[in-house]
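*Asks:* Dropping a structure here in structure tokens format, bear with me for questions.
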Amino acid sequence: MFFQNRFVPGLAVNTYLIGDDGTRECAVIDPTRDVDEIIRMAAASNMKIRHILETHVHADFVSGAVELKARLPHEVTIHCSAMGGPDWTPAYADHKVEEGNEIEMGSLRLRALHTPGHTPEHVSWALFDDSRSKEIPWLLFTGDCVFIGDVGRPDLLGEQARVALGEQLYKSVFERLDRFPDFTEVFPGHGAGSLCGKAIGSRNSSTLGFERRFSPAFQKKGQTEWIDDLLDGMPKSPPYFSRMKKINREGPPVLGATLPQLAALSVEAVTQHQAKSLVVDVRPAADFARAHIPGAVNIPLSPTFSTWAGWVLPPATPLILVLPDPEKRAEACTHLIRVGYDDITGFLDGGMEAWQSQGKNVSELPTQTVEDLRETLDQDPASLTVLDVRSTGEWNQGHIDSATHCQLGTVEDPTSKLSDDKPVAIICGSGYRSSIAASLALRSGRKNVINVAGGMGAWNKMGLPTKV
């Protein structure tokens, strides 16, 4: 059997390729929209992709099913669950999957199992290898139903839906999956870092038996208590999740054989486009702090770029990128299309050096070390406001005594909740999120914004006091 796993860091997405060694037919489960690597992986092993399987309507990334089918020169079938009703059946489905439907590839069979709870239509795929056993499945691709050490969250569709989904998830975990033996290998849709669960482990796979014994989410108790425990401490879901659901129900536009072509924009062209576009500066926070285009939003390139772009960027505004170097344009573009930002006007040709060489206005973002911040707080604590933009869970684990909390992404400008115009020192875990937050504050017109370099990680390393 041909088996490969493609993992996308940041979004922590697992895409699986499964093929039969005899027929050389291959199926892809839950592809992301940047499909080039998936196509290369299949071609390198002389596999022909014949089937594309979805486990559910994804909330955290744009499905690559439509893109992958359009890029392949032969007949391909997209299989999507119809078990959540018409509202949860993607418009692009070639095969509307029902309980027990099977997809055959030589000696391999993939059988659909309805496992609702994360979403109403969610389906897991049980893999049978008839050369080993026709009755007992070998592997189980669980999508966002079962993770390593966790299960999928049932609260992404609002409070009313949460009640019904929580009950469905309880039955999926303790009844629907009960038919599978302990030795069944589990391959989930996400790894550690995904916001589709609260405590997802970092391993690629597990067995149902191990999860039943050691995963907190598999410890059976009363339904109400189990759901309450599952949701306790669940991180906030990004607002872009609802937009992803809509895109993935209707089907995203096809991008084609190449990524959107990023035009090299002159300084004058960027100036002309600024009124209708948003400048996104993807350089490191320190470079952004030294000089940036006024009004730019800073999201440094990193594995989490896609997630934070989804959190803070408006969905219908053309984007202009400021890159650390032109070679990074494909990387930045890939991150953006994964979460549905297709309208990218181009990038600033020559970067900030070109902008400054033509005498254009620049803005700066003052940066402060944790030692400087502590000294200021000791000498005159009323002279500035400390704004902590970490998650609620991080805040509850320990924060600066005088700090105010506002999680990044929950409001357009996290400083808008502050009632005064004192200087604001913004802090996060490392200085990454605080740079994003500070750029949003500057864009909204806030003055006297400071980014705390190193964040609470540096503060704690110095042994400085915190409050729980």
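Ordering of the structure tokens sets the chain letters (A, B, ...); residue numbers start at 1 within each chain; ligands are numbered from 1 in the order shown.
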Could you pull the residues within 10 Å of A:Val97, counting only C-alpha atoms, minus those fewer than 6 positions along the same chain, as a list of chain:residue names?
*Replies:*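 Within the cut-off, the hits are A:Leu53, A:Glu54, A:Ile78, A:His79, A:Cys80, A:Ser81, A:Ala82, A:Met83, A:Thr89, A:Arg111, A:Ala112, A:Leu113, A:His114, A:Glu121, A:Val123.
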*Asks:* Mind the document's chain letters and residue numbers, and return as a count of residues only the residues of stretch 31-175 of chain A that DSSP labels strand (DSSP E).
*Replies:* 41
*Asks:* Run DSSP on the backbone of this structure and report the residues of stretch 264-360 of chain A it assigns to alpha helix (DSSP H), as a VMD selection string.
*Replies:* chain A and resid 267 to 273 285 to 290 305 to 312 329 to 338 351 to 357
*Asks:* Which residue, A:Arg33, A:Arg290, A:Ser430, A:Ser383, has the smallest gap to A:Asp342 when you use only C-alpha atoms?
*Replies:*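 Among A:Arg33, A:Arg290, A:Ser430, A:Ser383, it is A:Arg33 that comes nearest to A:Asp342.
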*Asks:* So, counting only C-alpha atoms, which residue among A:Ala12, A:Gln160, A:Thr307, A:Glu175 is closest to A:Ile200?
*Replies:* A:Ala12
*Asks:* Can you list, as a VMD selection string, every protein, DNA or RNA residue that comes within 12 Å of A:Arg329 when you count only C-alpha atoms, leaving out same-chain residues fewer than 6 positions away?
*Replies:* chain A and resid 259 to 264 281 to 283 301 320 to 323 335 to 336 344 to 349 351
*Asks:* Would you kindly return, as a PyMOL selection string, each protein, DNA or RNA residue with an atom no farther than 10 Å from any atom of A:Met47, considering only C-alpha atoms and excluding same-chain residues fewer than 3 positions away?
*Replies:* chain A and resi 2+17-21+23-27+39-44+50
*Asks:* Tell me which of A:Phe147, A:Gly295, A:Gly256, A:Pro314 sits closest to A:Leu72, counting only C-alpha atoms.
*Replies:*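 Looking at the shortest contact to A:Leu72, the residue is A:Gly256.
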*Asks:* Restricting the calculation to only C-alpha atoms: of A:Ile29, A:Ala217, A:Val186, A:Ile436, which residue gets closest to A:Tyr170?
*Replies:*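 With only C-alpha atoms as the atom set, the closest residue is A:Ala217.
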*Asks:* Pick out the residues sitting within 9 Å of A:Gly10, and hand them over as a PDB file with C-alpha atoms, in the first residue's frame; count only C-alpha atoms, and ignore anything fewer than 6 positions along from it in its own chain.
*Replies:*
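Done, and the output landed in around_18.pdb:
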ATOM      1  CA  ALA A 192      -0.691  20.223  17.476  1.00  0.00           C
ATOM      2  CA  GLY A 193      -1.295  23.917  16.857  1.00  0.00           C
ATOM      3  CA  SER A 194      -4.722  23.668  15.259  1.00  0.00           C
ATOM      4  CA  SER A 302       6.188  32.322   9.968  1.00  0.00           C
ATOM      5  CA  PRO A 303       4.345  28.984  10.056  1.00  0.00           C
ATOM      6  CA  THR A 304       1.429  30.759  11.792  1.00  0.00           C
ATOM      7  CA  PHE A 305       1.138  33.473   9.137  1.00  0.00           C
ATOM      8  CA  SER A 306      -2.022  31.966   7.594  1.00  0.00           C
ATOM      9  CA  THR A 307      -3.819  31.808  10.922  1.00  0.00           C
TER      10      THR A 307
END
*Asks:* Give me the residues within 10 Å of A:Asp287 as a PyMOL selection string, counting only C-alpha atoms and dropping any in the same chain fewer than 4 places off.
*Replies:* chain A and resi 281-283+291-292+298+300+324+352+364-365
*Asks:* Restricting the calculation to only C-alpha atoms, which member of A:Pro31, A:Gly393, A:Gly409, A:Pro116 is positioned closest to A:Trp311?
*Replies:* A:Gly409
*Asks:* Here is a test: counting only C-alpha atoms, which residue of A:Thr317, A:Gln358, A:Gln274, A:Thr404 is nearest to A:Tyr341?
*Replies:*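 Looking only at the distances to A:Tyr341, the closest residue turns out to be A:Thr317.
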*Asks:* How close does stretch 254-367 of chain A get to stretch 448-455 of chain A? List, as CSV, each residue of stretch 254-367 of chain A within 10 Å, its nearest atom pair and the distance in Å to one decimal, counting only C-alpha atoms.
*Replies:*
residue,atom,partner,partner_atom,distance
A:Ala285,CA,A:Ala453,CA,9.0
A:Ala286,CA,A:Ala453,CA,8.7
A:Ala289,CA,A:Asn451,CA,8.4
A:Glu364,CA,A:Val449,CA,9.8
A:Leu365,CA,A:Ile450,CA,6.4
A:Pro366,CA,A:Ile450,CA,5.0
A:Thr367,CA,A:Asn451,CA,4.8
*Asks:* Go through stretch 358-380 of chain A residue by residue and, counting only C-alpha atoms, keep those with an atom at most 10 Å from stretch 456-464 of chain A; for each kept residue give the shortest atom pair and its distance in Å to one decimal, ordered by chain and increasing number, as CSV.
*Replies:*
residue,atom,partner,partner_atom,distance
A:Thr369,CA,A:Ala458,CA,8.6
A:Val370,CA,A:Trp459,CA,5.7
A:Glu371,CA,A:Trp459,CA,7.9
A:Leu373,CA,A:Trp459,CA,9.5
A:Arg374,CA,A:Leu464,CA,8.1
*Asks:* Would you mind exporting C-alpha atoms of the selected residues as a PDB file, in the first residue's frame?
*Replies:*
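Result file follows (part_4.pdb):
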ATOM      1  CA  THR A 369      12.814  45.346  26.440  1.00  0.00           C
ATOM      2  CA  VAL A 370      11.170  43.677  29.420  1.00  0.00           C
ATOM      3  CA  GLU A 371      13.891  45.185  31.631  1.00  0.00           C
ATOM      4  CA  LEU A 373       9.268  47.932  30.971  1.00  0.00           C
ATOM      5  CA  ARG A 374       9.889  46.695  34.504  1.00  0.00           C
TER       6      ARG A 374
END
*Asks:* Can you pull out every residue within 12 Å of A:Thr410, counting only C-alpha atoms, but drop anything in the same chain fewer than 5 positions away, and send it as a VMD selection string?
*Replies:* chain A and resid 235 to 240 308 310 to 312 389 to 392 405 415 to 417 437
*Asks:* Wanna dump the stretch 426-464 of chain A-stretch 359-363 of chain A contacts at 12 Å for me, each residue with its shortest atom pair and the distance in Å to one decimal, counting only C-alpha atoms, ordered by chain and number, as JSON lines?
*Replies:*
{"residue": "A:Ser439", "atom": "CA", "partner": "A:Ser363", "partner_atom": "CA", "distance": 10.2}
{"residue": "A:Leu442", "atom": "CA", "partner": "A:Ser363", "partner_atom": "CA", "distance": 9.0}
{"residue": "A:Arg443", "atom": "CA", "partner": "A:Ser363", "partner_atom": "CA", "distance": 10.3}
{"residue": "A:Gly445", "atom": "CA", "partner": "A:Ser363", "partner_atom": "CA", "distance": 11.8}
{"residue": "A:Lys447", "atom": "CA", "partner": "A:Ser363", "partner_atom": "CA", "distance": 11.3}
{"residue": "A:Asn448", "atom": "CA", "partner": "A:Ser363", "partner_atom": "CA", "distance": 12.0}
{"residue": "A:Val449", "atom": "CA", "partner": "A:Ser363", "partner_atom": "CA", "distance": 11.6}
*Asks:* How far is it from atom CA of A:Lys422 to atom CA of A:Ala309, in Å with one decimal?
*Replies:*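 Computing the Euclidean distance for atom CA of A:Lys422 and atom CA of A:Ala309 yields 28.2 Å.
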